[in-house]
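Please read the structure below before turning to the comments.
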Amino acid sequence: MRILVVGAGAVGRSIATQLITHGHDVVIVDHDPDSIKVSLVPDADWVLADACSPTQLEEAGARDADAIAAVTGDDKVNLVVSLLAKTEFGVPQVIARANHTANEWMYDESWGVDVLASTPRMLTTLVEEAVSVGEMVGLLAIGSSSTSVYQIEIPRGSAIVGASPSVMPMPGGLILAAIVSSGEPISPAQVQEIAAGDELIIICGRNSDQELAALEELVS
């Protein structure tokens, strides 16, 4: 895939490096000449351009991009780039970084955002995941569909330890997407018994708080 990463700061460079490692063609776009540091990500294409300008964004390759990640440190820039990417160039996947949680409500389809990447939320998730066993942890919000992804780790003594995922009573509206066991994601259909320490990856829609609470009670 060809991916434009808008923002050549530490976050943008880190994302670009990982994408290149995974075999993608990456273009890093930034308007600040001092941010163009080709030697730090030599395998990426670097473009000095103002991504908030439709003309310059097109010249950077937006029309041919499979995805655009707007990950600057300025939420206004990220939202404008997202809107241009979706409405002007029809980019299939637009990922945008929210630097301030107070702005997250704007990161939806009305601004062209398919996936919200919130730095504060991600840090919070990492902390919660490190300290929470048997408690629901939000991993990802997919803006355009109001879909969210949650994770819950099975504690020792849970009522569902030893049970088959196929017979586990899943509250309506929740989908068991995967089970992470020993660090590896596995299809629920391939898991015979749930073990303590396994992590359930749950997909749900809007207004699923009661269902998530019910699953949390079942797991505890």
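Just remember, in the structure tokens the first chain shown is A, the second B, etc., residues are 1-based per chain, and ligands are 1-based in the order shown.
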Which neighbours of Glu216 in chain A fall inside 12 Å, counting only C-alpha atoms, when residues of the same chain fewer than 5 positions from it are skipped, and could you give them as a PyMOL selection string? chain A and resi 132-137+150-155+158-160+169-171+174+200+202+209-211
Excluding range 23-27 of chain A and residues on its chain fewer than 2 positions from it, collect all residues at most 12 Å away from it, counting only C-alpha atoms, and give them as a count of residues only. 43
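With only C-alpha atoms as the basis for measurement, A:Gly9 is the residue among A:Ala213, A:Glu58, A:Gly9, A:Asn99 that approaches Pro33 in chain A most closely.
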Distance of CA of Trp111 in chain A from CA of Ser146 in chain A, expressed in Å to one decimal place: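 Between CA of Ser146 in chain A and CA of Trp111 in chain A the gap works out to 14.0 Å.
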Close residues, Ala189 in chain A itself excluded, 12 Å, only C-alpha atoms, min 2 positions apart in chain, as a VMD selection string: chain A and resid 164 to 168 176 to 179 185 to 187 191 to 194
Emit the selected residues as a short mmCIF file (atom, residue, chain, number, x, y, z; two decimals), in the first residue's frame, including C-alpha atoms.
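out08.cif, freshly written:
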```cif
data_model
loop_
_atom_site.label_atom_id
_atom_site.label_comp_id
_atom_site.auth_asym_id
_atom_site.auth_seq_id
_atom_site.Cartn_x
_atom_site.Cartn_y
_atom_site.Cartn_z
CA SER A 164 -15.35 -23.19 25.16
CA PRO A 165 -15.83 -19.81 23.41
CA SER A 166 -18.61 -21.42 21.37
CA VAL A 167 -20.79 -21.87 24.48
CA MET A 168 -19.81 -18.69 26.30
CA LEU A 176 -15.92 -11.92 20.18
CA ALA A 177 -13.39 -11.14 17.44
CA ALA A 178 -10.30 -12.92 18.75
CA ILE A 179 -8.66 -14.48 21.78
CA PRO A 185 -4.22 -13.75 18.41
CA ILE A 186 -6.37 -16.81 17.70
CA SER A 187 -9.78 -17.18 16.09
CA VAL A 191 -9.86 -22.25 20.86
CA GLN A 192 -11.13 -25.27 22.77
CA GLU A 193 -10.88 -23.84 26.28
CA ILE A 194 -10.44 -20.33 27.64
#
```
Which distance in Å separates CA of Met106 in chain A and CA of Leu79 in chain A, to one decimal?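 Result for CA of Met106 in chain A versus CA of Leu79 in chain A: 8.2 Å, one decimal.
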Can you list, as a PyMOL selection string, all residues belonging to range 51-204 of chain A that DSSP tags as alpha helix (DSSP H)? chain A and resi 54-59+75-87+119-131
Would you work out the distance separating CA of Ala98 in chain A from CA of Leu215 in chain A, expressed in Å to one decimal?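 Separating CA of Ala98 in chain A from CA of Leu215 in chain A is a distance of 29.2 Å.
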Just the residues within 12 Å of Glu109 in chain A, please, counting only C-alpha atoms, with nothing from its chain fewer than 2 positions along; format it as a PyMOL selection string. chain A and resi 79+82-83+85-87+93-96+105-107+111-116+142-146
